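In what follows, a structure is listed as structure tokens, so that the remarks can point back to it.
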Amino acid sequence: MEQTDTPRAPSTTPVLVTGATGRIGRAVVDQLTDAGVPVRALVRRTEAAVTLPPDVEIVNGDLTVPESLDAALHAVSTVFLVWTAPPRTAAAVVDRLAAHAQRVVYLSAPHRTPHPFFRQPNPMAALHAEIERLIAATGLDSTIVRPGMFASNALFWWSAAIRGDGLVRWPYGAAETAPVDDRDVAAVVARTLREGGHAGGDYVLTGPESLTQAEQIRIVGDTLGRPLTFEEMPPDEFRRETPEASRPAADMLLAAWNAATGRPAYVTSTVSDLLGRPARTFRQWVTDHATSFTGNPAPMN
């Protein structure tokens, strides 16, 4: 994909960032402020915003209460939308965005990608598709950003075992994914927010290499200088050990890993095409987050 956009001078109009304290939204805030772009952060609780840069404007609002967004949307032309609420208010929220803003960048998922990993039944994919439909119906200029598997999942999935005896039991060790660095996702989002020329963009973001889950665990061990032992876990055991509230996500992952076993992961060059540099590898991500595997990682939302 050829990149033809010309960077614009920083605007005096703030960009509204939803999900501003989450793992992608927080990094987007940093990328924008570093580039001199004024940022308005939508937060449900003011105390959650204490880690945001001091020059970020904090506005309270809640996606489940669409009318609470009006103050945050005042004098805003561009919105980064991360959906973090149940689906029932999606239509009303999108209508409010359309009434105030001209452009939205939406963090979605690769549910249209022709690879079996992304084609399994998935309630979140259905929600993303519906929000995309709602955005398109308003006539808003839109950019859809579709990250695949996040590299940071390794931290939440495997760090407890790594801090323990080093035995990582996990299902479908032969399933291949292409983990994308969260920082690369944020950099792409920030670029589409601060530059023109991305209206209609539909960007699937992956890491640069296809790796089995067992290989990813080995890379973590190599990077930490601590050999790890991978042991195949039966899918039914994985499902039983998953808390009930997370069972739908577990079932989705099990179906996706099963469907992906035996074929390479879907890999795109979109990160490097848009950013003009190579996408970070999984090994780079692990190296930069090594202490998180040996300490107590802070939760990300």
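Letters A, B, ... mark the chains of the structure tokens in the order given; residue numbers begin at 1 per chain; ligand numbers begin at 1, in order shown.
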
Output as JSON lines one row per residue of stretch 143-243 of chain A within 7 Å of stretch 109-125 of chain A: the closest atom pair and its distance in Å to one decimal place, counting only C-alpha atoms, sorted by chain and residue number ascending.
{"residue": "A:Arg146", "atom": "CA", "partner": "A:Ala109", "partner_atom": "CA", "distance": 4.3}
{"residue": "A:Pro147", "atom": "CA", "partner": "A:Ala109", "partner_atom": "CA", "distance": 5.8}
{"residue": "A:Gly148", "atom": "CA", "partner": "A:Pro110", "partner_atom": "CA", "distance": 6.3}
{"residue": "A:Val204", "atom": "CA", "partner": "A:Pro110", "partner_atom": "CA", "distance": 6.2}

Keeping N, CA and C atoms for every residue in the selection just given, could you write it to a file as an mmCIF file, in the first residue's frame?
data_model
loop_
_atom_site.group_PDB
_atom_site.id
_atom_site.type_symbol
_atom_site.label_atom_id
_atom_site.label_comp_id
_atom_site.auth_asym_id
_atom_site.auth_seq_id
_atom_site.Cartn_x
_atom_site.Cartn_y
_atom_site.Cartn_z
ATOM 1 N N ARG A 146 -8.011 -1.914 12.258
ATOM 2 C CA ARG A 146 -8.346 -3.289 12.644
ATOM 3 C C ARG A 146 -7.103 -4.038 13.115
ATOM 4 N N PRO A 147 -6.715 -3.887 14.372
ATOM 5 C CA PRO A 147 -5.579 -4.679 14.861
ATOM 6 C C PRO A 147 -5.954 -6.140 15.021
ATOM 7 N N GLY A 148 -4.996 -7.005 14.727
ATOM 8 C CA GLY A 148 -5.176 -8.425 14.977
ATOM 9 C C GLY A 148 -4.828 -8.746 16.420
ATOM 10 N N VAL A 204 -5.893 -3.078 8.268
ATOM 11 C CA VAL A 204 -5.686 -4.276 9.079
ATOM 12 C C VAL A 204 -4.225 -4.281 9.535
#

Item to check | Contacts of A:Leu228 within 9 Å, only C-alpha atoms, excl. fewer than 4 positions in-chain, as a ChimeraX atom specification | outcome: /A:162,165-168,217-218,220-222

Item to check | Those in stretch 82-262 of chain A with strand (DSSP E or B) from DSSP, as an MDAnalysis selection string | outcome: chainID A and resid 103:107 141:147 150 167:170 176:177 180 195 202:205 211:212 229:232

Selection above as a file: C-alpha atoms, as an mmCIF file, in the first residue's frame:
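Saved to selection_19.cif:
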data_model
loop_
_atom_site.group_PDB
_atom_site.id
_atom_site.type_symbol
_atom_site.label_atom_id
_atom_site.label_comp_id
_atom_site.auth_asym_id
_atom_site.auth_seq_id
_atom_site.Cartn_x
_atom_site.Cartn_y
_atom_site.Cartn_z
ATOM 1 C CA ARG A 103 -14.387 12.630 11.216
ATOM 2 C CA VAL A 104 -14.104 9.462 13.286
ATOM 3 C CA VAL A 105 -11.325 6.894 13.592
ATOM 4 C CA TYR A 106 -12.797 3.657 14.930
ATOM 5 C CA LEU A 107 -10.809 0.892 16.616
ATOM 6 C CA ASP A 141 -15.636 10.667 7.223
ATOM 7 C CA SER A 142 -14.337 7.501 8.798
ATOM 8 C CA THR A 143 -11.185 5.451 9.128
ATOM 9 C CA ILE A 144 -11.384 1.886 10.417
ATOM 10 C CA VAL A 145 -8.321 0.496 12.198
ATOM 11 C CA ARG A 146 -8.346 -3.289 12.644
ATOM 12 C CA PRO A 147 -5.579 -4.679 14.861
ATOM 13 C CA PHE A 150 -2.081 -7.880 20.416
ATOM 14 C CA LEU A 167 5.603 -24.313 33.016
ATOM 15 C CA VAL A 168 3.176 -22.694 30.559
ATOM 16 C CA ARG A 169 0.154 -24.881 29.850
ATOM 17 C CA TRP A 170 -1.870 -23.528 26.929
ATOM 18 C CA GLU A 176 -0.010 -19.323 14.395
ATOM 19 C CA THR A 177 -0.733 -15.638 14.951
ATOM 20 C CA VAL A 180 1.091 -6.655 16.684
ATOM 21 C CA GLU A 195 -3.240 13.812 9.133
ATOM 22 C CA ASP A 202 -9.581 0.399 6.226
ATOM 23 C CA TYR A 203 -6.355 -0.728 7.860
ATOM 24 C CA VAL A 204 -5.686 -4.276 9.079
ATOM 25 C CA LEU A 205 -2.691 -4.208 11.417
ATOM 26 C CA LEU A 211 4.568 -17.409 14.998
ATOM 27 C CA THR A 212 3.022 -20.393 16.718
ATOM 28 C CA THR A 229 8.435 -25.351 29.307
ATOM 29 C CA PHE A 230 5.375 -25.417 27.061
ATOM 30 C CA GLU A 231 2.741 -28.087 27.665
ATOM 31 C CA GLU A 232 -0.325 -28.562 25.495
#

Item to check | Straight-line distance linking atom CA of A:Val185 with atom CA of A:Ser108, stated in Å to one decimal | outcome: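 Atom CA of A:Ser108 lies at a distance of 11.4 Å from atom CA of A:Val185.
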
Item to check | Selection near A:Gln213, 6 Å with only C-alpha atoms, sequence-local residues under 2 positions removed, as a PyMOL selection string | outcome: chain A and resi 173+215-216

Checklist entry - Among stretch 189-231 of chain A, which ones does DSSP place in alpha helix (DSSP H), written as a list in words? => result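 Across stretch 189-231 of chain A, those assigned alpha helix (DSSP H) are Val189, Ala190, Arg191, Thr192, Leu193, Arg194, Gln213, Ala214, Glu215, Gln216, Ile217, Arg218, Ile219, Val220, Gly221, Asp222, Thr223 and Leu224 of chain A.
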
Next on the checklist: Counting only C-alpha atoms, which residue out of A:Met149, A:Ala154, A:Ala187, A:Leu42 sits closest to A:Asp70?
Outcome noted: A:Leu42

Item to check | A:Ala20 surroundings by only C-alpha atoms, 7 Å radius, close-in-sequence under 4 positions cut, as a list in words | outcome: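 Final neighbour list, sorted by chain and number: Gly25, Arg26, Val29, Ala41, Leu42 and Val43 of chain A.
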
Checklist entry - Separation of atom CA of A:Pro235 and atom CA of A:Asp251, in Å? => result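 So the answer is 9.2 Å.
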
Next on the checklist: Show me, as a list of chain:residue names, the residues that have an atom within 8 Å of A:Leu155 when counting only C-alpha atoms, minus same-chain residues fewer than 2 positions from it.
Outcome noted: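 Neighbouring residues, sequence-local ones excluded: A:Ser152, A:Asn153, A:Trp157, A:Trp158, A:Ser159, A:Ser292, A:Phe293, A:Pro297.
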
Next on the checklist: One decimal, in Å: what's the spacing between atom CA of A:His74 and atom CA of A:His100?
Outcome noted: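 If I compute the distance from atom CA of A:His74 to atom CA of A:His100, I get 6.9 Å.
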
Checklist outcome for this item: Residue with the minimum atom-to-atom distance to A:Ala199, picked from A:Ala27, A:Ala250, A:Leu140, A:Leu224 with only C-alpha atoms counted, is A:Leu140
